[in-house]
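Dropping final-v1.pdb in here (PDB, C-alpha atoms (C1' of nucleotides)):
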```pdb
MODEL        1
ATOM      1  CA  MET A  19     180.646  57.553  69.892
ATOM      2  CA  ILE A  20     178.631  60.729  70.199
ATOM      3  CA  LEU A  21     176.516  61.671  67.193
ATOM      4  CA  ARG A  22     176.507  65.448  67.069
ATOM      5  CA  TYR A  23     175.368  67.594  64.186
ATOM      6  CA  MET A  24     174.146  64.577  62.306
ATOM      7  CA  LEU A  25     170.911  62.730  61.721
ATOM      8  CA  ASN A  26     170.836  58.993  62.089
ATOM      9  CA  GLN A  27     169.092  58.235  58.814
ATOM     10  CA  SER A  28     167.085  55.019  58.952
ATOM     11  CA  PRO A  29     164.301  54.801  56.437
ATOM     12  CA  ASP A  30     163.700  51.316  57.801
ATOM     13  CA  LEU A  31     162.779  52.598  61.226
ATOM     14  CA  ASP A  32     160.726  55.374  59.660
ATOM     15  CA  ARG A  33     158.615  52.884  57.761
ATOM     16  CA  LEU A  34     158.488  50.491  60.661
ATOM     17  CA  PHE A  35     157.238  52.911  63.299
ATOM     18  CA  HIS A  36     154.968  54.594  60.809
ATOM     19  CA  ALA A  37     153.422  51.241  59.976
ATOM     20  CA  LEU A  38     152.779  50.587  63.659
ATOM     21  CA  ALA A  39     151.253  54.014  64.218
ATOM     22  CA  ASP A  40     147.858  53.048  62.823
ATOM     23  CA  PRO A  41     145.308  51.018  64.809
ATOM     24  CA  ALA A  42     144.067  49.150  61.735
ATOM     25  CA  ARG A  43     147.590  48.067  60.880
ATOM     26  CA  ARG A  44     148.351  47.066  64.451
ATOM     27  CA  ALA A  45     145.153  45.042  64.450
ATOM     28  CA  MET A  46     146.365  43.250  61.335
ATOM     29  CA  VAL A  47     149.702  42.508  62.945
ATOM     30  CA  GLU A  48     147.971  41.289  66.092
ATOM     31  CA  ARG A  49     145.818  38.972  64.034
ATOM     32  CA  LEU A  50     148.805  37.681  62.111
ATOM     33  CA  THR A  51     150.789  36.841  65.229
ATOM     34  CA  LEU A  52     148.109  34.215  65.760
ATOM     35  CA  GLY A  53     148.905  32.702  62.384
ATOM     36  CA  PRO A  54     148.691  33.368  58.635
ATOM     37  CA  ALA A  55     145.485  34.704  57.127
ATOM     38  CA  PRO A  56     144.097  35.715  53.749
ATOM     39  CA  VAL A  57     143.540  39.375  52.933
ATOM     40  CA  SER A  58     139.784  39.268  53.384
ATOM     41  CA  GLU A  59     140.091  37.816  56.855
ATOM     42  CA  LEU A  60     142.422  40.623  57.846
ATOM     43  CA  ALA A  61     140.056  43.170  56.387
ATOM     44  CA  ARG A  62     136.792  41.795  57.778
ATOM     45  CA  PRO A  63     137.006  43.239  61.325
ATOM     46  CA  LEU A  64     138.161  46.631  60.094
ATOM     47  CA  PRO A  65     135.669  49.497  59.698
ATOM     48  CA  MET A  66     136.683  50.240  56.115
ATOM     49  CA  SER A  67     136.446  49.032  52.549
ATOM     50  CA  LEU A  68     138.592  46.216  51.193
ATOM     51  CA  PRO A  69     140.745  48.478  49.017
ATOM     52  CA  SER A  70     141.574  50.616  52.051
ATOM     53  CA  ALA A  71     142.575  47.549  53.987
ATOM     54  CA  MET A  72     144.743  46.544  51.038
ATOM     55  CA  GLN A  73     146.564  49.844  51.283
ATOM     56  CA  HIS A  74     147.296  49.230  54.942
ATOM     57  CA  LEU A  75     148.593  45.827  54.017
ATOM     58  CA  GLY A  76     150.848  47.464  51.473
ATOM     59  CA  VAL A  77     152.283  49.702  54.187
ATOM     60  CA  LEU A  78     152.923  46.693  56.410
ATOM     61  CA  GLU A  79     154.672  44.859  53.592
ATOM     62  CA  ALA A  80     156.770  47.897  52.692
ATOM     63  CA  ALA A  81     157.837  48.055  56.331
ATOM     64  CA  GLY A  82     158.860  44.410  56.186
ATOM     65  CA  LEU A  83     156.407  43.455  58.907
ATOM     66  CA  VAL A  84     154.309  41.214  56.672
ATOM     67  CA  ARG A  85     155.021  38.842  53.843
ATOM     68  CA  SER A  86     152.377  37.457  51.526
ATOM     69  CA  GLU A  87     152.002  34.897  48.820
ATOM     70  CA  LYS A  88     149.215  34.465  46.353
ATOM     71  CA  ILE A  89     148.028  30.970  45.606
ATOM     72  CA  GLY A  90     145.137  30.649  43.237
ATOM     73  CA  ARG A  91     142.961  33.660  43.950
ATOM     74  CA  VAL A  92     143.860  33.784  47.646
ATOM     75  CA  ARG A  93     146.718  35.841  49.008
ATOM     76  CA  THR A  94     147.905  34.478  52.321
ATOM     77  CA  CYS A  95     149.692  36.888  54.649
ATOM     78  CA  SER A  96     152.006  36.166  57.557
ATOM     79  CA  ILE A  97     154.192  38.256  59.822
ATOM     80  CA  ASP A  98     157.905  38.559  59.536
ATOM     81  CA  PRO A  99     159.075  38.740  63.150
ATOM     82  CA  HIS A 100     162.478  40.064  62.144
ATOM     83  CA  ALA A 101     161.174  43.557  61.356
ATOM     84  CA  LEU A 102     159.475  43.865  64.718
ATOM     85  CA  SER A 103     162.719  43.075  66.454
ATOM     86  CA  GLN A 104     164.394  45.978  64.678
ATOM     87  CA  ALA A 105     161.964  48.342  66.356
ATOM     88  CA  GLU A 106     162.496  46.564  69.612
ATOM     89  CA  GLN A 107     166.248  46.953  69.310
ATOM     90  CA  TRP A 108     166.006  50.676  68.841
ATOM     91  CA  ILE A 109     163.844  50.997  71.927
ATOM     92  CA  ASN A 110     166.156  48.778  73.937
ATOM     93  CA  ALA A 111     169.171  50.821  72.898
ATOM     94  CA  ARG A 112     167.421  53.955  74.173
ATOM     95  CA  ARG A 113     166.670  52.333  77.468
ATOM     96  CA  ALA A 114     170.223  51.068  77.777
ATOM     97  CA  GLU A 115     171.575  54.575  77.235
ATOM     98  CA  TRP A 116     169.056  55.955  79.669
ATOM     99  CA  GLU A 117     170.016  53.492  82.370
ATOM    100  CA  HIS A 118     173.691  54.045  81.718
ATOM    101  CA  ARG A 119     173.090  57.733  82.213
ATOM    102  CA  LEU A 120     171.366  57.113  85.509
ATOM    103  CA  ASP A 121     174.368  55.082  86.598
ATOM    104  CA  ARG A 122     176.746  57.868  85.688
ATOM    105  CA  LEU A 123     174.489  60.334  87.464
ATOM    106  CA  GLY A 124     174.591  58.125  90.548
ATOM    107  CA  ASP A 125     178.362  58.013  90.384
ATOM    108  CA  TYR A 126     178.494  61.754  90.013
ATOM    109  CA  LEU A 127     176.243  62.286  92.998
ATOM    110  CA  LYS A 128     178.400  59.942  95.029
ATOM    111  CA  THR A 129     181.494  61.919  94.007
ATOM    112  CA  LEU A 130     179.833  65.121  95.154
ATOM    113  CA  GLU A 131     178.984  63.501  98.427
ATOM    114  CA  SER A 132     182.533  62.371  99.176
ATOM    115  CA  GLU A 133     184.167  65.572  97.914
ATOM    116  CA  GLY A 134     181.696  67.748  99.695
ATOM    117  CA  ASP A 135     181.579  70.262  96.801
ATOM    118  CA  GLY A 136     179.399  70.764  93.683
ATOM    119  CA  ASP A 137     180.242  72.610  90.447
ATOM    120  CA  ASP A 138     177.531  72.954  87.806
ATOM    121  CA  SER A 139     179.544  71.567  84.893
ATOM    122  CA  GLY A 140     177.112  72.424  82.108
ATOM    123  CA  ARG A 141     178.266  70.982  78.709
TER     124      ARG A 141
ATOM    125  CA  MET B   4     140.253  36.203  74.456
ATOM    126  CA  ILE B   5     140.010  36.512  70.685
ATOM    127  CA  LEU B   6     139.390  39.998  69.397
ATOM    128  CA  ARG B   7     137.218  39.551  66.335
ATOM    129  CA  TYR B   8     135.196  42.265  64.639
ATOM    130  CA  MET B   9     136.729  44.898  66.853
ATOM    131  CA  LEU B  10     139.556  47.384  66.787
ATOM    132  CA  ASN B  11     141.846  47.692  69.754
ATOM    133  CA  GLN B  12     141.653  51.456  70.086
ATOM    134  CA  SER B  13     144.792  52.954  71.635
ATOM    135  CA  PRO B  14     145.364  56.588  70.796
ATOM    136  CA  ASP B  15     148.389  56.342  73.096
ATOM    137  CA  LEU B  16     150.120  53.831  70.875
ATOM    138  CA  ASP B  17     149.087  55.777  67.794
ATOM    139  CA  ARG B  18     150.782  58.899  69.091
ATOM    140  CA  LEU B  19     153.731  56.977  70.427
ATOM    141  CA  PHE B  20     154.619  55.105  67.266
ATOM    142  CA  HIS B  21     153.827  58.118  65.135
ATOM    143  CA  ALA B  22     156.222  60.191  67.233
ATOM    144  CA  LEU B  23     158.956  57.612  66.721
ATOM    145  CA  ALA B  24     158.383  57.420  62.975
ATOM    146  CA  ASP B  25     160.343  60.576  62.216
ATOM    147  CA  PRO B  26     164.157  60.672  62.136
ATOM    148  CA  ALA B  27     164.320  64.182  63.585
ATOM    149  CA  ARG B  28     162.183  63.147  66.531
ATOM    150  CA  ARG B  29     164.164  59.963  67.086
ATOM    151  CA  ALA B  30     167.337  62.043  67.013
ATOM    152  CA  MET B  31     165.865  64.235  69.739
ATOM    153  CA  VAL B  32     164.976  61.213  71.825
ATOM    154  CA  GLU B  33     168.448  59.778  71.289
ATOM    155  CA  ARG B  34     170.004  63.022  72.419
ATOM    156  CA  LEU B  35     167.756  63.194  75.469
ATOM    157  CA  THR B  36     168.592  59.691  76.632
ATOM    158  CA  LEU B  37     172.063  61.129  77.247
ATOM    159  CA  GLY B  38     170.560  63.744  79.558
ATOM    160  CA  PRO B  39     168.315  66.829  79.605
ATOM    161  CA  ALA B  40     168.822  69.602  77.062
ATOM    162  CA  PRO B  41     167.332  72.978  76.137
ATOM    163  CA  VAL B  42     165.245  73.345  72.993
ATOM    164  CA  SER B  43     167.976  75.030  70.987
ATOM    165  CA  GLU B  44     170.442  72.258  71.662
ATOM    166  CA  LEU B  45     167.939  69.700  70.438
ATOM    167  CA  ALA B  46     167.275  71.773  67.347
ATOM    168  CA  ARG B  47     170.859  72.649  66.434
ATOM    169  CA  PRO B  48     171.866  69.379  64.691
ATOM    170  CA  LEU B  49     168.590  69.186  62.769
ATOM    171  CA  PRO B  50     168.396  70.372  59.154
ATOM    172  CA  MET B  51     165.409  72.638  59.739
ATOM    173  CA  SER B  52     164.294  75.893  61.285
ATOM    174  CA  LEU B  53     163.752  76.322  65.002
ATOM    175  CA  PRO B  54     159.952  76.540  64.748
ATOM    176  CA  SER B  55     159.893  73.231  62.896
ATOM    177  CA  ALA B  56     161.986  71.633  65.579
ATOM    178  CA  MET B  57     159.560  73.041  68.128
ATOM    179  CA  GLN B  58     156.712  71.313  66.366
ATOM    180  CA  HIS B  59     158.527  68.009  66.570
ATOM    181  CA  LEU B  60     159.076  68.626  70.236
ATOM    182  CA  GLY B  61     155.359  69.187  70.601
ATOM    183  CA  VAL B  62     154.682  65.816  69.018
ATOM    184  CA  LEU B  63     157.110  64.136  71.393
ATOM    185  CA  GLU B  64     155.472  65.798  74.380
ATOM    186  CA  ALA B  65     151.996  64.882  73.189
ATOM    187  CA  ALA B  66     153.174  61.289  72.934
ATOM    188  CA  GLY B  67     154.423  61.442  76.497
ATOM    189  CA  LEU B  68     157.984  60.726  75.440
ATOM    190  CA  VAL B  69     159.350  64.059  76.572
ATOM    191  CA  ARG B  70     158.687  66.399  79.451
ATOM    192  CA  SER B  71     159.890  69.978  79.601
ATOM    193  CA  GLU B  72     160.061  72.839  82.016
ATOM    194  CA  LYS B  73     160.742  76.452  81.319
ATOM    195  CA  ILE B  74     163.012  78.317  83.706
ATOM    196  CA  GLY B  75     163.767  81.892  82.849
ATOM    197  CA  ARG B  76     163.916  81.979  79.087
ATOM    198  CA  VAL B  77     165.249  78.442  78.760
ATOM    199  CA  ARG B  78     163.033  75.394  78.351
ATOM    200  CA  THR B  79     164.794  72.267  79.480
ATOM    201  CA  CYS B  80     163.608  68.967  78.024
ATOM    202  CA  SER B  81     164.059  65.452  79.304
ATOM    203  CA  ILE B  82     162.737  62.061  78.320
ATOM    204  CA  ASP B  83     160.028  60.179  80.121
ATOM    205  CA  PRO B  84     161.133  56.550  79.885
ATOM    206  CA  HIS B  85     157.680  55.304  80.824
ATOM    207  CA  ALA B  86     156.176  56.082  77.429
ATOM    208  CA  LEU B  87     158.891  54.188  75.599
ATOM    209  CA  SER B  88     158.175  51.126  77.665
ATOM    210  CA  GLN B  89     154.551  51.200  76.509
ATOM    211  CA  ALA B  90     155.723  50.755  72.942
ATOM    212  CA  GLU B  91     158.115  48.078  74.069
ATOM    213  CA  GLN B  92     155.318  46.213  75.824
ATOM    214  CA  TRP B  93     153.182  46.132  72.719
ATOM    215  CA  ILE B  94     156.046  44.712  70.702
ATOM    216  CA  ASN B  95     156.863  42.172  73.387
ATOM    217  CA  ALA B  96     153.257  41.048  73.528
ATOM    218  CA  ARG B  97     153.329  40.425  69.777
ATOM    219  CA  ARG B  98     156.485  38.397  70.066
ATOM    220  CA  ALA B  99     155.038  36.415  72.940
ATOM    221  CA  GLU B 100     151.971  35.547  70.876
ATOM    222  CA  TRP B 101     154.141  34.693  67.933
ATOM    223  CA  GLU B 102     156.320  32.351  69.951
ATOM    224  CA  HIS B 103     153.302  30.813  71.578
ATOM    225  CA  ARG B 104     151.928  30.135  68.138
ATOM    226  CA  LEU B 105     155.151  28.449  67.070
ATOM    227  CA  ASP B 106     154.926  26.251  70.161
ATOM    228  CA  ARG B 107     151.386  25.240  69.309
ATOM    229  CA  LEU B 108     152.434  24.628  65.737
ATOM    230  CA  GLY B 109     155.238  22.418  67.001
ATOM    231  CA  ASP B 110     152.785  20.484  69.142
ATOM    232  CA  TYR B 111     150.460  20.101  66.181
ATOM    233  CA  LEU B 112     153.238  18.801  63.981
ATOM    234  CA  LYS B 113     154.226  16.332  66.671
ATOM    235  CA  THR B 114     150.632  15.162  66.885
ATOM    236  CA  LEU B 115     150.570  14.596  63.137
ATOM    237  CA  GLU B 116     153.801  12.684  63.389
ATOM    238  CA  SER B 117     152.588  10.322  66.080
ATOM    239  CA  GLU B 118     149.162   9.861  64.496
ATOM    240  CA  GLY B 119     150.730   9.254  61.117
ATOM    241  CA  ASP B 120     148.068  11.273  59.274
ATOM    242  CA  GLY B 121     147.776  14.845  58.016
ATOM    243  CA  ASP B 122     144.520  16.726  57.345
ATOM    244  CA  ASP B 123     144.683  20.255  56.006
ATOM    245  CA  SER B 124     142.288  21.759  58.584
ATOM    246  CA  GLY B 125     141.984  25.243  57.145
ATOM    247  CA  ARG B 126     139.234  26.876  59.265
TER     248      ARG B 126
ATOM    249  C1'  DC C  25     167.768 101.115  78.835
ATOM    250  C1'  DA C  26     169.370  98.733  74.448
ATOM    251  C1'  DG C  27     170.597  94.785  72.297
ATOM    252  C1'  DA C  28     171.299  89.935  72.135
ATOM    253  C1'  DT C  29     169.302  85.485  73.217
ATOM    254  C1'  DA C  30     165.659  81.722  73.701
ATOM    255  C1'  DG C  31     161.534  80.524  72.648
ATOM    256  C1'  DT C  32     156.438  81.162  70.616
ATOM    257  C1'  DA C  33     152.755  82.287  67.617
ATOM    258  C1'  DA C  34     150.564  82.794  63.167
ATOM    259  C1'  DA C  35     149.745  82.019  58.465
ATOM    260  C1'  DG C  36     150.463  79.627  54.420
ATOM    261  C1'  DC C  37     152.086  76.144  51.205
ATOM    262  C1'  DT C  38     153.001  71.421  49.537
ATOM    263  C1'  DC C  39     153.106  66.602  49.902
ATOM    264  C1'  DT C  40     151.390  62.503  52.066
ATOM    265  C1'  DT C  41     147.722  59.651  54.306
ATOM    266  C1'  DG C  42     143.659  57.489  54.554
ATOM    267  C1'  DC C  43     139.509  56.869  52.884
ATOM    268  C1'  DC C  44     136.018  56.142  49.237
ATOM    269  C1'  DT C  45     133.619  54.333  44.803
ATOM    270  C1'  DA C  46     133.701  52.178  40.459
ATOM    271  C1'  DA C  47     135.585  49.223  37.342
ATOM    272  C1'  DC C  48     138.396  45.404  36.248
ATOM    273  C1'  DT C  49     141.081  40.687  36.484
ATOM    274  C1'  DA C  50     141.670  36.186  37.789
ATOM    275  C1'  DT C  51     140.074  31.970  39.907
ATOM    276  C1'  DT C  52     136.781  28.545  41.364
ATOM    277  C1'  DC C  53     132.149  26.454  41.616
ATOM    278  C1'  DG C  54     127.652  24.729  39.776
TER     279       DG C  54
ATOM    280  C1'  DC D  28     129.992  28.376  30.171
ATOM    281  C1'  DG D  29     128.090  31.728  33.690
ATOM    282  C1'  DA D  30     128.018  33.336  38.328
ATOM    283  C1'  DA D  31     130.156  33.972  42.626
ATOM    284  C1'  DT D  32     134.467  34.849  45.053
ATOM    285  C1'  DA D  33     139.097  37.137  46.103
ATOM    286  C1'  DG D  34     141.783  40.486  45.079
ATOM    287  C1'  DT D  35     143.560  44.554  42.377
ATOM    288  C1'  DT D  36     143.776  49.059  39.927
ATOM    289  C1'  DA D  37     142.533  53.810  39.151
ATOM    290  C1'  DG D  38     140.984  58.194  40.291
ATOM    291  C1'  DG D  39     139.538  61.501  43.425
ATOM    292  C1'  DC D  40     138.831  63.955  47.697
ATOM    293  C1'  DA D  41     139.513  65.756  52.609
ATOM    294  C1'  DA D  42     142.456  66.029  56.383
ATOM    295  C1'  DG D  43     146.918  65.997  58.461
ATOM    296  C1'  DA D  44     152.005  66.387  58.554
ATOM    297  C1'  DG D  45     156.021  68.932  57.969
ATOM    298  C1'  DC D  46     158.194  72.760  56.560
ATOM    299  C1'  DT D  47     158.838  77.787  55.802
ATOM    300  C1'  DT D  48     158.970  82.934  56.824
ATOM    301  C1'  DT D  49     157.628  86.701  59.531
ATOM    302  C1'  DA D  50     156.602  88.769  63.593
ATOM    303  C1'  DC D  51     156.323  88.829  68.427
ATOM    304  C1'  DT D  52     157.315  88.061  73.684
ATOM    305  C1'  DA D  53     159.962  87.297  77.266
ATOM    306  C1'  DT D  54     164.527  87.240  79.659
ATOM    307  C1'  DC D  55     169.185  88.083  80.377
ATOM    308  C1'  DT D  56     173.628  91.100  79.765
ATOM    309  C1'  DG D  57     176.474  95.151  79.177
TER     310       DG D  57
ENDMDL
END
```
Please re-express this file's structure in structure tokens.
Amino acid sequence: MILRYMLNQSPDLDRLFHALADPARRAMVERLTLGPAPVSELARPLPMSLPSAMQHLGVLEAAGLVRSEKIGRVRTCSIDPHALSQAEQWINARRAEWEHRLDRLGDYLKTLESEGDGDDSGR
Amino acid sequence: MILRYMLNQSPDLDRLFHALADPARRAMVERLTLGPAPVSELARPLPMSLPSAMQHLGVLEAAGLVRSEKIGRVRTCSIDPHALSQAEQWINARRAEWEHRLDRLGDYLKTLESEGDGDDSGR
DNA sequence: CAGATAGTAAAGCTCTTGCCTAACTATTCG
DNA sequence: CGAATAGTTAGGCAAGAGCTTTACTATCTG
């Protein structure tokens, strides 16, 4: 189960975390968790031009965090909660491994205690 | 409680999500959740030079995801699980808002149902 | 001490991000 | 129809990210 000498390629996670790494984009996501909104409403609070906001929106859509549909001249955006949960899962997996490690460490320390001897088993 | 016309500035989250947006850095974090490791062990599986790996490590440290201590000529790195939980909290907050919204939407739909009338109250 | 090992520092190069302005398209309103 | 509204496209520019090579500093080891 150990992944040595190999990179866990996930362009999805790349795009996802990258999308969340910008305050303007997080603000958009925060707004959208409250409900759908047109582009201009998402852009209004942001300290930038509309086209710039559109680019951020593009990044969010590419990451799968936001869907949008154009009706008439209005494009209505809404979040796709599934993408967010992918990021969450990665983080949870890390924490699970981390806690598992602490358990093993605890076991190891207990073993030392009862055996009364310690060898530095590096690697 | 509504945050209109204002950006929720959090350089912490910026750095955090940005740090997680790179596969090499995630690989390092994944390796470190299994236990501490020296720089060269973190770098070995990565398809890049040591100095590049060092830069990634710097990003992880700046984000608070990794701590390191140099003893002799070896720098040993370990994760700081606290930082990860900050990212997790942001995501959880979004999901909480999202679910809350669905609840309110459900209530609204029920209201419509019992009142037997529907008005498209868009803003 | 000499050489191998582990990590750092510096400089440079390329590609990507994030922002802008200006111009343009498509809808809706009077 | 003509003007306002909502969004989109294009082009350009400055800063940052990510990588490289080269050179250098410590620290161990024989």
Problem set entry | Residue neighbourhood Val92 (chain A), 9 Å, all atoms listed in the file, exclusion window fewer than 5 positions, as a PyMOL selection string | (chain A and resi 56-58+87) or (chain C and resi 51) or (chain D and resi 33-34)
Give me the chain C side of the contact with chain B, cut-off 10 Å, one line per residue showing its nearest atom pair and distance in Å at one decimal, counting all atoms listed in the file, sorted by chain and residue number, as a Markdown table.
```
| residue | atom | partner | partner_atom | distance |
| --- | --- | --- | --- | --- |
| C:DT29 | C1' | B:Arg76 | CA | 8.7 |
| C:DA30 | C1' | B:Arg76 | CA | 5.7 |
| C:DG31 | C1' | B:Arg76 | CA | 7.0 |
| C:DT32 | C1' | B:Pro54 | CA | 8.3 |
| C:DA33 | C1' | B:Pro54 | CA | 9.6 |
```
For this session: Between CA of His118 (chain A) and CA of Ala37 (chain A), measure the distance and give it in Å to one decimal.
Result: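 Between these atoms lies a distance of 29.9 Å.
What the PyMOL selection byres ((chain A and resi 84) around 7) picks from this file is A:Leu78, A:Glu79, A:Gly82, A:Leu83, A:Arg85, A:Ser86, A:Cys95, A:Ser96, A:Ile97, A:Asp98.
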For this session: When you get a sec, could you note down which chain D residues fall within 10 Å of chain B, using all atoms listed in the file, as a ChimeraX atom specification?
Result: /D:45-48,53-55
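In this structure, CA of Ala61 (chain A) sits 12.7 Å away from CA of Pro41 (chain A).
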Expected answer as a CSV table (one decimal) with C-alpha atoms, in the frame of the given file: chain B residues within 9 Å of chain A, all atoms listed in the file:
```csv
chain,number,residue,atom,x,y,z
B,6,LEU,CA,139.4,40.0,69.4
B,7,ARG,CA,137.2,39.6,66.3
B,8,TYR,CA,135.2,42.3,64.6
B,9,MET,CA,136.7,44.9,66.9
B,10,LEU,CA,139.6,47.4,66.8
B,11,ASN,CA,141.8,47.7,69.8
B,12,GLN,CA,141.7,51.5,70.1
B,13,SER,CA,144.8,53.0,71.6
B,14,PRO,CA,145.4,56.6,70.8
B,16,LEU,CA,150.1,53.8,70.9
B,17,ASP,CA,149.1,55.8,67.8
B,18,ARG,CA,150.8,58.9,69.1
B,19,LEU,CA,153.7,57.0,70.4
B,20,PHE,CA,154.6,55.1,67.3
B,21,HIS,CA,153.8,58.1,65.1
B,22,ALA,CA,156.2,60.2,67.2
B,23,LEU,CA,159.0,57.6,66.7
B,24,ALA,CA,158.4,57.4,63.0
B,25,ASP,CA,160.3,60.6,62.2
B,26,PRO,CA,164.2,60.7,62.1
B,27,ALA,CA,164.3,64.2,63.6
B,29,ARG,CA,164.2,60.0,67.1
B,30,ALA,CA,167.3,62.0,67.0
B,32,VAL,CA,165.0,61.2,71.8
B,33,GLU,CA,168.4,59.8,71.3
B,34,ARG,CA,170.0,63.0,72.4
B,35,LEU,CA,167.8,63.2,75.5
B,36,THR,CA,168.6,59.7,76.6
B,37,LEU,CA,172.1,61.1,77.2
B,38,GLY,CA,170.6,63.7,79.6
B,47,ARG,CA,170.9,72.6,66.4
B,48,PRO,CA,171.9,69.4,64.7
B,49,LEU,CA,168.6,69.2,62.8
B,50,PRO,CA,168.4,70.4,59.2
B,82,ILE,CA,162.7,62.1,78.3
B,84,PRO,CA,161.1,56.6,79.9
B,87,LEU,CA,158.9,54.2,75.6
B,88,SER,CA,158.2,51.1,77.7
B,90,ALA,CA,155.7,50.8,72.9
B,91,GLU,CA,158.1,48.1,74.1
B,94,ILE,CA,156.0,44.7,70.7
B,95,ASN,CA,156.9,42.2,73.4
B,97,ARG,CA,153.3,40.4,69.8
B,98,ARG,CA,156.5,38.4,70.1
B,99,ALA,CA,155.0,36.4,72.9
B,100,GLU,CA,152.0,35.5,70.9
B,101,TRP,CA,154.1,34.7,67.9
B,102,GLU,CA,156.3,32.4,70.0
B,103,HIS,CA,153.3,30.8,71.6
B,104,ARG,CA,151.9,30.1,68.1
B,105,LEU,CA,155.2,28.4,67.1
```
Problem set entry | Selection near DA34 (chain C), 10 Å with all atoms listed in the file, sequence-local residues under 5 positions removed, as a list in words |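 Answer for this query is DT49, DA50 and DC51 of chain D.
Taking C1' of DG39 (chain D) as the reference point, C1' of DC44 (chain C) is found at 8.7 Å.
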Some atoms are absent from region 57-71 of chain B, so rebuild N, CA and C atoms and return them as a compact mmCIF listing (two decimals), in the coordinates of the input.
```
# COMPACT_ATOMS: atom_id res chain seq x y z
N MET B 57 160.51 72.89 67.03
CA MET B 57 159.56 73.04 68.13
C MET B 57 158.33 72.18 67.90
N GLN B 58 157.89 72.14 66.66
CA GLN B 58 156.71 71.31 66.37
C GLN B 58 156.99 69.85 66.66
N HIS B 59 158.17 69.39 66.28
CA HIS B 59 158.53 68.01 66.57
C HIS B 59 158.52 67.77 68.07
N LEU B 60 159.05 68.73 68.78
CA LEU B 60 159.08 68.63 70.24
C LEU B 60 157.66 68.50 70.78
N GLY B 61 156.75 69.26 70.19
CA GLY B 61 155.36 69.19 70.60
C GLY B 61 154.79 67.79 70.40
N VAL B 62 155.15 67.18 69.29
CA VAL B 62 154.68 65.82 69.02
C VAL B 62 155.23 64.85 70.07
N LEU B 63 156.49 65.02 70.40
CA LEU B 63 157.11 64.14 71.39
C LEU B 63 156.45 64.32 72.76
N GLU B 64 156.12 65.56 73.09
CA GLU B 64 155.47 65.80 74.38
C GLU B 64 154.07 65.22 74.39
N ALA B 65 153.36 65.40 73.27
CA ALA B 65 152.00 64.88 73.19
C ALA B 65 151.99 63.37 73.31
N ALA B 66 153.08 62.74 72.86
CA ALA B 66 153.17 61.29 72.93
C ALA B 66 153.63 60.84 74.32
N GLY B 67 153.98 61.80 75.15
CA GLY B 67 154.42 61.44 76.50
C GLY B 67 155.87 61.01 76.57
N LEU B 68 156.59 61.18 75.45
CA LEU B 68 157.98 60.73 75.44
C LEU B 68 158.91 61.74 76.08
N VAL B 69 158.48 62.99 76.08
CA VAL B 69 159.35 64.06 76.57
C VAL B 69 158.57 64.98 77.51
N ARG B 70 159.22 65.37 78.56
CA ARG B 70 158.69 66.40 79.45
C ARG B 70 159.57 67.63 79.29
N SER B 71 159.04 68.79 79.67
CA SER B 71 159.89 69.98 79.60
C SER B 71 159.42 71.00 80.62
```
